[in-house]
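Text of data09.cif (mmCIF, C-alpha atoms and all ligand atoms) as supplied:
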```
data_input
#
loop_
_atom_site.label_atom_id
_atom_site.label_comp_id
_atom_site.auth_asym_id
_atom_site.auth_seq_id
_atom_site.Cartn_x
_atom_site.Cartn_y
_atom_site.Cartn_z
CA MET Z 16 156.19 -48.29 91.43
CA LYS Z 17 159.22 -50.63 91.61
CA VAL Z 18 162.42 -48.74 92.34
CA LEU Z 19 165.52 -50.18 90.70
CA ALA Z 20 169.27 -49.98 91.14
CA VAL Z 21 170.89 -51.06 87.87
CA LEU Z 22 174.48 -52.16 88.49
CA GLY Z 23 176.35 -52.09 85.17
CA SER Z 24 173.81 -49.87 83.40
CA THR Z 25 176.21 -49.00 80.56
CA GLY Z 26 176.69 -52.64 79.49
CA SER Z 27 174.68 -54.81 77.13
CA ILE Z 28 172.22 -56.06 79.77
CA GLY Z 29 172.19 -52.69 81.56
CA ARG Z 30 171.27 -50.80 78.38
CA GLN Z 31 168.56 -53.31 77.50
CA THR Z 32 167.21 -53.08 81.07
CA LEU Z 33 166.83 -49.33 80.61
CA GLU Z 34 165.08 -49.94 77.28
CA VAL Z 35 162.57 -52.17 79.09
CA VAL Z 36 162.14 -49.47 81.75
CA ARG Z 37 161.65 -46.81 79.07
CA ALA Z 38 159.07 -48.92 77.21
CA SER Z 39 157.14 -49.74 80.39
CA GLY Z 40 155.84 -46.19 80.89
CA GLN Z 41 155.73 -45.25 84.55
CA LYS Z 42 156.17 -48.72 86.07
CA PHE Z 43 159.70 -48.18 87.39
CA GLY Z 44 161.72 -45.58 89.20
CA ILE Z 45 165.52 -45.60 88.91
CA TYR Z 46 167.42 -44.95 92.14
CA ALA Z 47 170.95 -45.81 91.00
CA LEU Z 48 172.94 -46.37 87.80
CA THR Z 49 176.53 -47.59 87.76
CA ALA Z 50 179.41 -48.03 85.30
CA ASN Z 51 183.05 -48.97 85.38
CA THR Z 52 184.58 -46.23 83.18
CA ASN Z 53 182.05 -45.21 80.52
CA ILE Z 54 181.05 -41.82 81.90
CA ASN Z 55 179.85 -40.52 78.52
CA LEU Z 56 177.01 -43.04 78.39
CA LEU Z 57 176.41 -42.87 82.15
CA GLU Z 58 175.96 -39.10 81.89
CA LYS Z 59 173.34 -39.56 79.15
CA GLN Z 60 171.55 -42.22 81.19
CA VAL Z 61 171.53 -39.99 84.29
CA ARG Z 62 170.04 -37.11 82.28
CA GLU Z 63 167.28 -39.35 80.98
CA PHE Z 64 166.45 -41.51 84.03
CA ARG Z 65 167.33 -39.03 86.82
CA PRO Z 66 168.65 -41.46 89.47
CA GLU Z 67 169.60 -40.21 92.94
CA ILE Z 68 172.96 -41.97 92.75
CA ALA Z 69 175.45 -42.61 89.95
CA VAL Z 70 178.57 -44.71 90.55
CA VAL Z 71 181.82 -45.16 88.63
CA MET Z 72 184.77 -47.17 89.85
CA ALA Z 73 187.71 -44.70 89.73
CA GLU Z 74 187.67 -41.48 91.80
CA GLU Z 75 189.08 -39.36 88.90
CA LYS Z 76 186.20 -40.44 86.67
CA ALA Z 77 183.72 -39.76 89.45
CA GLN Z 78 185.14 -36.25 89.80
CA LEU Z 79 184.78 -35.66 86.05
CA LEU Z 80 181.20 -36.91 86.07
CA ARG Z 81 180.37 -34.77 89.11
CA GLU Z 82 181.50 -31.67 87.23
CA ARG Z 83 179.50 -32.60 84.14
CA LEU Z 84 176.37 -33.26 86.18
CA ARG Z 85 176.56 -30.30 88.52
CA ASP Z 86 173.26 -28.92 87.16
CA LEU Z 87 171.45 -32.04 88.50
CA PRO Z 88 170.79 -33.13 92.11
CA VAL Z 89 172.48 -36.53 91.55
CA LYS Z 90 175.13 -37.81 93.98
CA VAL Z 91 178.16 -39.29 92.18
CA LEU Z 92 179.93 -41.98 94.20
CA CYS Z 93 182.89 -44.20 93.39
CA GLY Z 94 184.38 -47.63 93.87
CA MET Z 95 183.10 -50.71 95.67
CA GLU Z 96 181.66 -48.55 98.46
CA GLY Z 97 179.57 -46.69 95.90
CA LEU Z 98 178.32 -49.95 94.36
CA ILE Z 99 177.37 -51.29 97.79
CA GLN Z 100 175.56 -48.08 98.67
CA ALA Z 101 173.66 -48.16 95.36
CA ALA Z 102 172.65 -51.80 95.89
CA SER Z 103 171.52 -51.50 99.50
CA ALA Z 104 169.85 -48.06 99.70
CA GLU Z 105 166.56 -48.02 101.54
CA LYS Z 106 164.51 -46.71 98.61
CA VAL Z 107 165.52 -49.58 96.29
CA ASN Z 108 163.08 -52.52 95.81
CA MET Z 109 165.03 -54.51 93.26
CA VAL Z 110 168.65 -54.64 92.19
CA VAL Z 111 169.52 -55.59 88.61
CA THR Z 112 173.01 -57.11 88.77
CA ALA Z 113 174.35 -56.54 85.27
CA VAL Z 114 178.04 -56.01 85.99
CA SER Z 115 180.40 -58.46 84.39
CA GLY Z 116 182.55 -60.69 86.64
CA SER Z 117 182.82 -61.54 90.32
CA ILE Z 118 183.11 -57.82 91.11
CA GLY Z 119 179.32 -58.20 91.51
CA LEU Z 120 179.65 -60.42 94.58
CA GLN Z 121 179.93 -57.82 97.35
CA PRO Z 122 177.16 -55.51 96.12
CA THR Z 123 174.88 -58.54 95.59
CA LEU Z 124 175.46 -59.70 99.17
CA ALA Z 125 174.93 -56.16 100.47
CA ALA Z 126 171.66 -55.92 98.54
CA LEU Z 127 170.43 -59.24 99.94
CA LYS Z 128 171.38 -58.28 103.49
CA ALA Z 129 169.32 -55.13 102.99
CA GLY Z 130 166.35 -57.28 101.91
CA LYS Z 131 166.35 -56.52 98.18
CA ASN Z 132 165.15 -58.88 95.48
CA ILE Z 133 167.70 -59.45 92.75
CA ALA Z 134 167.22 -59.65 88.98
CA LEU Z 135 170.36 -61.67 88.41
CA ALA Z 136 172.30 -61.40 85.15
CA ASN Z 137 175.72 -61.51 86.82
CA LYS Z 138 176.22 -65.31 86.81
CA GLU Z 139 179.86 -65.05 87.93
CA THR Z 140 178.65 -64.06 91.40
CA LEU Z 141 176.61 -67.20 91.78
CA VAL Z 142 179.43 -69.37 90.43
CA ALA Z 143 181.94 -67.85 92.84
CA ALA Z 144 179.75 -67.93 95.93
CA GLY Z 145 176.59 -69.94 95.28
CA ASP Z 146 176.00 -71.23 98.81
CA LEU Z 147 176.80 -67.92 100.47
CA VAL Z 148 174.53 -65.96 98.12
CA LEU Z 149 171.67 -68.44 98.49
CA ASN Z 150 171.96 -68.60 102.27
CA THR Z 151 172.01 -64.81 102.48
CA ALA Z 152 168.96 -64.61 100.21
CA GLN Z 153 167.09 -67.17 102.31
CA LEU Z 154 168.00 -65.55 105.61
CA ASN Z 155 166.70 -62.20 104.39
CA ASN Z 156 163.68 -63.59 102.56
CA CYS Z 157 164.79 -62.32 99.17
CA SER Z 158 164.24 -63.72 95.68
CA LEU Z 159 166.88 -64.26 93.02
CA ILE Z 160 165.12 -63.98 89.68
CA PRO Z 161 167.17 -65.13 86.71
CA VAL Z 162 167.83 -62.82 83.78
CA ASP Z 163 170.10 -65.26 81.93
CA SER Z 164 167.88 -66.54 79.09
CA GLU Z 165 168.38 -70.27 79.83
CA HIS Z 166 167.65 -69.83 83.51
CA SER Z 167 164.70 -67.59 82.81
CA ALA Z 168 163.36 -70.37 80.54
CA ILE Z 169 163.81 -72.98 83.28
CA PHE Z 170 162.30 -70.65 85.87
CA GLN Z 171 159.25 -70.24 83.62
CA CYS Z 172 158.92 -74.00 82.94
CA LEU Z 173 159.60 -75.02 86.52
CA HIS Z 174 157.19 -72.87 88.38
CA GLY Z 175 158.18 -74.23 91.78
CA LYS Z 176 157.58 -77.89 90.89
CA LYS Z 177 161.12 -78.95 91.73
CA LYS Z 178 160.24 -82.26 93.39
CA THR Z 179 158.92 -83.92 90.25
CA VAL Z 180 161.80 -82.84 88.00
CA ASN Z 181 163.98 -85.45 86.36
CA LYS Z 182 166.48 -83.08 84.75
CA LEU Z 183 167.11 -79.60 83.43
CA ILE Z 184 168.20 -79.31 79.80
CA LEU Z 185 170.28 -76.20 79.20
CA THR Z 186 170.48 -75.29 75.55
CA ALA Z 187 173.70 -73.87 74.09
CA SER Z 188 174.05 -72.11 70.76
CA GLY Z 189 177.48 -73.71 70.45
CA GLY Z 190 179.00 -70.27 69.85
CA PRO Z 191 180.69 -69.03 66.67
CA PHE Z 192 182.94 -72.10 66.37
CA CYS Z 193 180.36 -74.86 66.67
CA GLY Z 194 181.57 -77.88 64.66
CA TRP Z 195 185.16 -76.60 64.36
CA SER Z 196 188.16 -78.88 64.92
CA LYS Z 197 190.90 -78.12 67.47
CA GLU Z 198 193.26 -77.58 64.56
CA LYS Z 199 191.05 -74.81 63.16
CA LEU Z 200 190.54 -73.25 66.61
CA ARG Z 201 194.29 -72.57 66.89
CA GLU Z 202 193.87 -69.68 64.44
CA VAL Z 203 190.97 -67.94 66.21
CA THR Z 204 191.50 -64.20 66.84
CA PRO Z 205 189.63 -62.01 69.37
CA ALA Z 206 187.69 -60.35 66.50
CA MET Z 207 186.46 -63.76 65.30
CA ALA Z 208 185.50 -64.87 68.81
CA LEU Z 209 183.65 -61.62 69.55
CA LYS Z 210 181.21 -62.24 66.67
CA HIS Z 211 178.44 -64.38 68.12
CA PRO Z 212 176.04 -65.80 65.50
CA ASN Z 213 172.80 -65.19 67.49
CA TRP Z 214 173.41 -62.77 70.36
CA ASN Z 215 174.92 -59.32 70.67
CA MET Z 216 176.60 -59.27 74.09
CA GLY Z 217 179.47 -57.75 76.09
CA ALA Z 218 183.03 -58.82 75.26
CA LYS Z 219 183.60 -61.15 78.23
CA ILE Z 220 180.47 -63.25 77.77
CA SER Z 221 181.03 -63.35 73.99
CA ILE Z 222 184.44 -64.98 74.51
CA ASP Z 223 182.88 -67.28 77.14
CA SER Z 224 180.28 -68.33 74.57
CA ALA Z 225 183.01 -69.13 72.05
CA THR Z 226 184.92 -71.39 74.50
CA LEU Z 227 181.63 -72.81 75.94
CA MET Z 228 182.81 -71.49 79.32
CA ASN Z 229 179.58 -69.49 79.36
CA LYS Z 230 177.60 -72.74 79.34
CA ALA Z 231 180.02 -74.15 81.90
CA LEU Z 232 179.30 -71.24 84.26
CA GLU Z 233 175.58 -71.65 83.53
CA ILE Z 234 175.66 -75.28 84.71
CA ILE Z 235 176.86 -74.07 88.11
CA GLU Z 236 174.42 -71.14 88.00
CA ALA Z 237 171.53 -73.58 87.37
CA LYS Z 238 172.62 -75.87 90.18
CA PHE Z 239 172.37 -73.03 92.69
CA LEU Z 240 169.33 -71.24 91.30
CA PHE Z 241 167.21 -74.37 91.12
CA GLY Z 242 168.77 -76.56 93.83
CA MET Z 243 169.50 -79.50 91.48
CA GLU Z 244 172.23 -82.13 91.54
CA TYR Z 245 174.85 -81.77 88.81
CA ARG Z 246 173.82 -85.12 87.32
CA GLN Z 247 170.37 -83.58 86.72
CA ILE Z 248 171.76 -80.81 84.51
CA GLU Z 249 172.35 -81.64 80.86
CA VAL Z 250 173.61 -79.45 78.03
CA LEU Z 251 172.36 -79.78 74.46
CA VAL Z 252 173.65 -77.74 71.55
CA HIS Z 253 170.79 -75.96 69.79
CA PRO Z 254 172.31 -73.65 67.15
CA GLN Z 255 169.10 -71.68 66.46
CA SER Z 256 168.83 -70.31 70.07
CA ILE Z 257 165.02 -70.42 69.91
CA VAL Z 258 164.40 -73.01 72.64
CA HIS Z 259 166.02 -71.24 75.57
CA SER Z 260 166.07 -74.33 77.83
CA MET Z 261 163.84 -77.16 79.01
CA VAL Z 262 162.68 -79.06 82.07
CA GLU Z 263 162.11 -82.81 81.90
CA TYR Z 264 159.66 -84.09 84.52
CA LYS Z 265 159.70 -87.56 86.08
CA ASP Z 266 156.86 -88.77 83.84
CA GLY Z 267 158.98 -87.96 80.77
CA SER Z 268 157.09 -84.80 79.84
CA ILE Z 269 159.43 -82.01 78.64
CA LEU Z 270 158.46 -78.34 78.97
CA ALA Z 271 160.35 -75.76 76.95
CA GLN Z 272 160.31 -71.97 76.68
CA LEU Z 273 160.74 -70.52 73.19
CA GLY Z 274 161.38 -67.03 71.95
CA MET Z 275 163.60 -64.99 69.69
CA PRO Z 276 167.23 -64.67 70.80
CA ASP Z 277 166.58 -61.30 72.42
CA MET Z 278 167.38 -60.47 76.05
CA HIS Z 279 164.54 -57.93 76.38
CA LEU Z 280 162.06 -60.71 77.16
CA PRO Z 281 163.96 -62.41 80.03
CA ILE Z 282 164.89 -58.98 81.41
CA GLN Z 283 161.27 -57.83 81.31
CA PHE Z 284 160.06 -61.07 82.88
CA ALA Z 285 162.54 -60.71 85.76
CA LEU Z 286 161.34 -57.14 86.35
CA SER Z 287 157.61 -57.85 85.99
CA TYR Z 288 157.53 -61.21 87.82
CA PRO Z 289 155.11 -62.57 89.00
CA GLU Z 290 153.20 -60.62 86.36
CA ARG Z 291 153.63 -61.10 82.64
CA TRP Z 292 153.41 -57.94 80.57
CA ALA Z 293 152.76 -57.43 76.88
CA ASP Z 294 155.85 -57.20 74.70
CA TYR Z 295 155.18 -57.21 71.00
CA SER Z 296 158.56 -55.91 69.96
CA ASN Z 297 160.14 -59.14 68.74
CA PRO Z 298 157.56 -61.93 68.36
CA LEU Z 299 158.62 -65.43 67.33
CA SER Z 300 157.00 -67.04 64.33
CA LEU Z 301 157.45 -70.79 64.22
CA LYS Z 302 156.58 -71.06 60.55
CA ASN Z 303 159.43 -72.56 58.53
CA ILE Z 304 161.78 -72.77 61.50
CA GLU Z 305 163.93 -75.83 61.90
CA LEU Z 306 164.93 -76.68 65.48
CA THR Z 307 167.86 -79.04 65.97
CA PHE Z 308 169.64 -80.40 69.05
CA HIS Z 309 172.83 -82.37 69.47
CA GLU Z 310 175.44 -83.37 72.07
CA PRO Z 311 178.29 -80.94 72.70
CA ASP Z 312 181.76 -81.90 71.43
CA HIS Z 313 183.47 -82.39 74.79
CA ASP Z 314 186.91 -83.14 73.35
CA THR Z 315 187.14 -79.89 71.42
CA PHE Z 316 185.38 -77.82 74.09
CA PRO Z 317 186.53 -79.17 77.49
CA ALA Z 318 184.99 -76.31 79.54
CA LEU Z 319 181.77 -78.20 80.28
CA LYS Z 320 183.49 -81.21 81.85
CA LEU Z 321 185.71 -78.85 83.81
CA ALA Z 322 182.62 -77.12 85.23
CA TYR Z 323 181.03 -80.42 86.28
CA TRP Z 324 184.24 -81.38 88.07
CA CYS Z 325 184.64 -77.97 89.77
CA GLY Z 326 180.96 -77.88 90.70
CA GLU Z 327 180.92 -81.42 92.14
CA THR Z 328 184.10 -80.72 94.10
CA GLY Z 329 182.58 -77.49 95.37
CA GLY Z 330 184.15 -75.38 98.14
CA THR Z 331 186.37 -72.65 96.76
CA LEU Z 332 186.96 -74.39 93.41
CA PRO Z 333 184.10 -72.75 91.42
CA ALA Z 334 185.36 -69.32 92.56
CA VAL Z 335 188.81 -70.27 91.25
CA LEU Z 336 187.36 -71.51 87.96
CA ASN Z 337 185.57 -68.22 87.49
CA ALA Z 338 188.45 -65.93 88.49
CA ALA Z 339 191.03 -67.79 86.38
CA ASN Z 340 188.64 -67.55 83.44
CA GLU Z 341 188.21 -63.79 83.90
CA ILE Z 342 192.01 -63.36 83.74
CA CYS Z 343 192.38 -65.63 80.69
CA VAL Z 344 189.56 -63.95 78.75
CA GLN Z 345 191.18 -60.55 79.28
CA ALA Z 346 194.62 -61.94 78.33
CA PHE Z 347 193.12 -63.39 75.13
CA LEU Z 348 191.43 -60.07 74.29
CA ASP Z 349 194.77 -58.32 74.88
CA GLY Z 350 196.50 -60.70 72.45
CA ARG Z 351 198.67 -62.27 75.18
CA ILE Z 352 197.38 -65.85 74.88
CA LYS Z 353 195.77 -67.98 72.16
CA PHE Z 354 192.15 -69.05 72.05
CA LEU Z 355 192.88 -72.67 73.01
CA ASP Z 356 195.04 -71.52 75.94
CA ILE Z 357 192.01 -70.05 77.72
CA VAL Z 358 190.38 -73.22 79.04
CA GLN Z 359 193.74 -75.01 79.29
CA LEU Z 360 195.14 -72.34 81.63
CA VAL Z 361 191.92 -72.18 83.63
CA GLU Z 362 192.07 -75.94 84.13
CA ASN Z 363 195.73 -75.76 85.20
CA THR Z 364 194.90 -73.16 87.83
CA CYS Z 365 191.96 -75.24 89.08
CA ARG Z 366 194.22 -78.31 89.39
CA GLN Z 367 196.79 -76.30 91.38
CA HIS Z 368 194.24 -74.99 93.85
CA LYS Z 369 194.05 -76.35 97.38
CA VAL Z 370 190.28 -76.48 97.81
CA SER Z 371 188.79 -75.38 101.11
CA GLU Z 372 185.25 -74.97 102.36
CA ALA Z 373 183.72 -71.72 101.00
CA LYS Z 374 182.59 -70.78 104.48
CA ASP Z 375 182.56 -67.00 104.25
CA LEU Z 376 183.14 -64.02 101.98
CA ASP Z 377 186.81 -63.63 103.00
CA THR Z 378 187.61 -67.24 102.08
CA ILE Z 379 185.93 -66.83 98.69
CA LEU Z 380 187.63 -63.50 97.96
CA ALA Z 381 191.00 -65.03 98.96
CA ALA Z 382 190.47 -67.97 96.56
CA ASP Z 383 189.37 -65.57 93.80
CA ASN Z 384 192.46 -63.46 94.39
CA TRP Z 385 194.79 -66.46 94.50
CA ALA Z 386 193.40 -67.70 91.17
CA ARG Z 387 193.89 -64.29 89.52
CA GLU Z 388 197.49 -63.98 90.75
CA HIS Z 389 198.40 -67.57 89.94
CA THR Z 390 196.94 -67.43 86.43
CA GLU Z 391 198.56 -64.07 85.71
CA GLU Z 392 201.92 -65.43 86.86
CA ILE Z 393 201.69 -68.43 84.53
CA ILE Z 394 200.74 -66.19 81.60
CA LYS Z 395 203.71 -63.89 82.33
CA ARG Z 396 206.06 -66.87 82.64
CA ASN Z 397 204.91 -68.21 79.26
CA GLU Z 398 205.40 -64.77 77.69
CA LEU Z 399 208.96 -64.62 79.04
CA LYS Z 400 209.69 -68.10 77.65
CA LYS Z 401 208.50 -67.01 74.19
CA ASN Z 402 210.63 -63.82 74.08
P1 LIG K 1 179.09 -55.72 79.43
O1 LIG K 1 180.56 -55.90 79.38
O2 LIG K 1 178.38 -55.29 78.20
O3 LIG K 1 178.72 -54.69 80.60
C1 LIG K 1 179.24 -54.80 81.88
C2 LIG K 1 178.78 -53.66 82.75
O4 LIG K 1 179.45 -53.74 84.01
C3 LIG K 1 179.12 -52.27 82.21
O5 LIG K 1 178.21 -51.35 82.72
C4 LIG K 1 180.51 -52.03 82.77
O6 LIG K 1 180.85 -50.65 82.83
C5 LIG K 1 180.33 -52.62 84.17
N1 LIG K 1 181.59 -53.15 84.71
C6 LIG K 1 182.50 -53.91 84.06
N2 LIG K 1 183.54 -54.18 84.86
C7 LIG K 1 183.30 -53.56 86.04
C8 LIG K 1 184.04 -53.40 87.23
N3 LIG K 1 185.24 -53.97 87.41
N4 LIG K 1 183.50 -52.70 88.23
C9 LIG K 1 182.28 -52.12 88.09
N5 LIG K 1 181.54 -52.19 86.98
C10 LIG K 1 182.05 -52.91 85.95
O7 LIG K 1 178.50 -57.10 79.97
P2 LIG K 1 177.09 -57.78 79.65
O8 LIG K 1 175.99 -56.79 79.83
O9 LIG K 1 177.19 -58.55 78.39
O10 LIG K 1 177.02 -58.86 80.84
C11 LIG K 1 176.74 -58.47 82.17
C12 LIG K 1 176.45 -59.72 82.99
O11 LIG K 1 175.28 -60.34 82.47
C13 LIG K 1 177.56 -60.79 82.90
O12 LIG K 1 177.67 -61.44 84.12
C14 LIG K 1 177.05 -61.74 81.83
O13 LIG K 1 177.53 -63.06 82.01
C15 LIG K 1 175.54 -61.68 82.08
N6 LIG K 1 174.72 -62.00 80.93
C16 LIG K 1 174.79 -61.24 79.79
C17 LIG K 1 174.01 -61.53 78.67
C18 LIG K 1 174.04 -60.67 77.45
O14 LIG K 1 173.25 -60.91 76.52
N7 LIG K 1 174.88 -59.67 77.37
C19 LIG K 1 173.12 -62.71 78.67
C20 LIG K 1 173.08 -63.40 79.92
C21 LIG K 1 173.87 -63.07 81.00
P3 LIG K 1 181.59 -49.90 81.57
O15 LIG K 1 180.53 -49.79 80.50
O16 LIG K 1 181.98 -48.59 82.11
O17 LIG K 1 182.72 -50.77 81.17
MG MG K 2 172.77 -67.55 78.91
#
```
Please lay out the structure from this file as structure tokens.
Ligand code: NDP
Ligand code: MG
Amino acid sequence: MKVLAVLGSTGSIGRQTLEVVRASGQKFGIYALTANTNINLLEKQVREFRPEIAVVMAEEKAQLLRERLRDLPVKVLCGMEGLIQAASAEKVNMVVTAVSGSIGLQPTLAALKAGKNIALANKETLVAAGDLVLNTAQLNNCSLIPVDSEHSAIFQCLHGKKKTVNKLILTASGGPFCGWSKEKLREVTPAMALKHPNWNMGAKISIDSATLMNKALEIIEAKFLFGMEYRQIEVLVHPQSIVHSMVEYKDGSILAQLGMPDMHLPIQFALSYPERWADYSNPLSLKNIELTFHEPDHDTFPALKLAYWCGETGGTLPAVLNAANEICVQAFLDGRIKFLDIVQLVENTCRQHKVSEAKDLDTILAADNWAREHTEEIIKRNELKKN
């Protein structure tokens, strides 16, 4: 039996991971479940899956949850220390990193140092600290198995044949505003941006999909996961989200992975790998389906070019890109900035950053922190100017 720690179990990927676990019969044990603040759902999950550890971030919430769960033998921990303990406990075989944002970095590193394989949904961690995460994984002989649908598709098409690859083709749905002009994008509200045409996801990644920052982060994620050069990673808009990504080999042959836009499949594949289990819940029928592909509109959606530049520059810049984006997405959701400000402000912060070598965790955390403070300061300054 594989024993899992699910970090971010109350989120979109976390909940779907537990659905896969539930449907798999007795294939998995759950050692730890974690949330940020949603103790109502976490309590329900603990009662069903009976983990040894449950973690929430704030101590007051942990205290509340402890009281509610006093009839069970579960230990309720809190904060980063709790997350690290959940991710690195001896009994755990695999850690599902389904938290949102670079908060996932320290528990991921702790899990790798403790020799755990990772089912990686939390792309921000790889963007912020790709080299460090990969080196730590290699040193400890651990695998990073992608959960992100595009990377799962590439992983399935690649099958270790990296040397003969010409390029990776990441598909992008284009988000809810595919084909829109800049003029029209000025009027976008958080409610409009949260409505993705094909996927039902957490708030942060939904906004990232609307700005194409999600695809931008995925370019950097793919570079690290598959050890490619940036010039070997191409993005094509594919509005149907049926072809989840492709690998073009040197002889011109292109392999693709297809499926319904449903995260259960990539989650299950990451958990079952190297096996492939039956999943008949959402089969794809190709009858009467039209599949189309086109170039992204780089002028209207500048996030992709920004990611190539940050990725090529390397060092601490991708961590800054990610952290500035986390701040801007939250500010947009809070109604403090406009939709088009998001990528503009992220780019400004990236251009202000003095890049250094991302040599260790402290350097990366310092860059992440600098980007958050700098971006927040600019947002506040703009608010003051307006009032
Ligand atoms: P959600 O926002 O739905 O869930 C995030 C989870 O992380 C929740 O359990 C949340 O707890 C917890 N969390 C949030 N912030 C913190 C924090 N500061 N400290 C500790 N825990 C925290 O996100 P998604 O499930 O949509 O995404 C999770 C990750 O997976 C992201 O990195 C995303 O890019 C990636 N991903 C998601 C896909 C999807 O379809 N959703 C597809 C591919 C990748 P609480 O519920 O208490 O807030
Ligand atoms: Mg994706």
Counting all atoms listed in the file, which protein, DNA or RNA residues come within 9 Å of ligand LIG 1 (chain K), given as a compact mmCIF listing (two decimals) with C-alpha atoms, in the frame of the given file?
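As a result, result.txt now contains:
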```txt
# COMPACT_ATOMS: atom_id res chain seq x y z
CA VAL Z 21 170.89 -51.06 87.87
CA LEU Z 22 174.48 -52.16 88.49
CA GLY Z 23 176.35 -52.09 85.17
CA SER Z 24 173.81 -49.87 83.40
CA THR Z 25 176.21 -49.00 80.56
CA GLY Z 26 176.69 -52.64 79.49
CA SER Z 27 174.68 -54.81 77.13
CA ILE Z 28 172.22 -56.06 79.77
CA GLY Z 29 172.19 -52.69 81.56
CA ARG Z 30 171.27 -50.80 78.38
CA GLN Z 31 168.56 -53.31 77.50
CA LEU Z 48 172.94 -46.37 87.80
CA THR Z 49 176.53 -47.59 87.76
CA ALA Z 50 179.41 -48.03 85.30
CA ASN Z 51 183.05 -48.97 85.38
CA THR Z 52 184.58 -46.23 83.18
CA ASN Z 53 182.05 -45.21 80.52
CA ILE Z 54 181.05 -41.82 81.90
CA LEU Z 56 177.01 -43.04 78.39
CA LEU Z 57 176.41 -42.87 82.15
CA VAL Z 70 178.57 -44.71 90.55
CA VAL Z 71 181.82 -45.16 88.63
CA MET Z 72 184.77 -47.17 89.85
CA GLY Z 94 184.38 -47.63 93.87
CA MET Z 95 183.10 -50.71 95.67
CA LEU Z 98 178.32 -49.95 94.36
CA THR Z 112 173.01 -57.11 88.77
CA ALA Z 113 174.35 -56.54 85.27
CA VAL Z 114 178.04 -56.01 85.99
CA SER Z 115 180.40 -58.46 84.39
CA GLY Z 116 182.55 -60.69 86.64
CA SER Z 117 182.82 -61.54 90.32
CA ILE Z 118 183.11 -57.82 91.11
CA GLY Z 119 179.32 -58.20 91.51
CA LEU Z 135 170.36 -61.67 88.41
CA ALA Z 136 172.30 -61.40 85.15
CA ASN Z 137 175.72 -61.51 86.82
CA LYS Z 138 176.22 -65.31 86.81
CA GLU Z 139 179.86 -65.05 87.93
CA THR Z 140 178.65 -64.06 91.40
CA VAL Z 162 167.83 -62.82 83.78
CA ASP Z 163 170.10 -65.26 81.93
CA SER Z 164 167.88 -66.54 79.09
CA GLU Z 165 168.38 -70.27 79.83
CA TRP Z 214 173.41 -62.77 70.36
CA ASN Z 215 174.92 -59.32 70.67
CA MET Z 216 176.60 -59.27 74.09
CA GLY Z 217 179.47 -57.75 76.09
CA ALA Z 218 183.03 -58.82 75.26
CA LYS Z 219 183.60 -61.15 78.23
CA ILE Z 220 180.47 -63.25 77.77
CA SER Z 221 181.03 -63.35 73.99
CA ASP Z 223 182.88 -67.28 77.14
CA ASN Z 229 179.58 -69.49 79.36
CA LEU Z 232 179.30 -71.24 84.26
CA GLU Z 233 175.58 -71.65 83.53
CA ASP Z 277 166.58 -61.30 72.42
CA MET Z 278 167.38 -60.47 76.05
```
Which neighbours of Val258 of chain Z fall inside 12 Å, counting all atoms listed in the file, when residues of the same chain fewer than 2 positions from it are skipped, and could you give them as a PyMOL selection string?
chain Z and resi 164-169+172+184-188+251-256+260-262+269-277+299+301+304-308
Kindly provide, as number ranges by chain, the polymer residues lying within 8 Å of (164.9, -56.6, 78.4), counting all atoms listed in the file and using the coordinates exactly as they appear in the file.
Z: 28, 31-35, 277-284
Please, what distance in Å, to one decimal, runs between atom CA of His259 of chain Z and atom CA of Ile234 of chain Z?
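Separating atom CA of His259 of chain Z from atom CA of Ile234 of chain Z is a distance of 13.9 Å.
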Shell around Leu154 of chain Z at 9 Å using only C-alpha atoms, local window under 4 positions removed, as a VMD selection string
chain Z and resid 127 to 128 149 to 150
May I ask which of the residues Z:Ile235, Z:Leu19, Z:Ala129, Z:Leu200 is the closest one to ligand MG 2 (chain K), counting all atoms listed in the file?
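The shortest atom-to-atom distance to ligand MG 2 (chain K) comes from Z:Ile235.
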Coordinates-based distance that separates atom CA of Leu319 of chain Z from atom CA of Leu376 of chain Z (Å, one decimal)
26.0 Å
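Nearest residue to Leu183 of chain Z, choosing from Z:Glu249, Z:Phe239, Z:Val203, Z:Leu147 and counting all atoms listed in the file: Z:Glu249.
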Give me, please, the distance in Å between atom CA of Leu380 of chain Z and atom CA of Phe170 of chain Z, quoted to one decimal.
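Atom-to-atom, atom CA of Leu380 of chain Z to atom CA of Phe170 of chain Z, that is 29.0 Å.
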Taking all atoms listed in the file into account, which of Z:Gly97, Z:Gly189, Z:Pro88, Z:Gly145 comes nearest ligand MG 2 (chain K)?
Z:Gly189
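With all atoms listed in the file as the basis for measurement, Z:Tyr323 is the residue among Z:Tyr323, Z:Ala285, Z:Thr204, Z:Val358 that approaches Val250 of chain Z most closely.
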Nearest candidate to Leu87 of chain Z (options Z:Ala101, Z:Ala69, Z:Cys157, Z:Leu141; using only C-alpha atoms)
Z:Ala69
Using only C-alpha atoms and all ligand atoms, which residue out of Z:Val18, Z:Ile357, Z:Leu227, Z:Cys343 lies closest to ligand MG 2 (chain K)?
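Going through Z:Val18, Z:Ile357, Z:Leu227, Z:Cys343 one by one, the smallest distance to ligand MG 2 (chain K) is for Z:Leu227.
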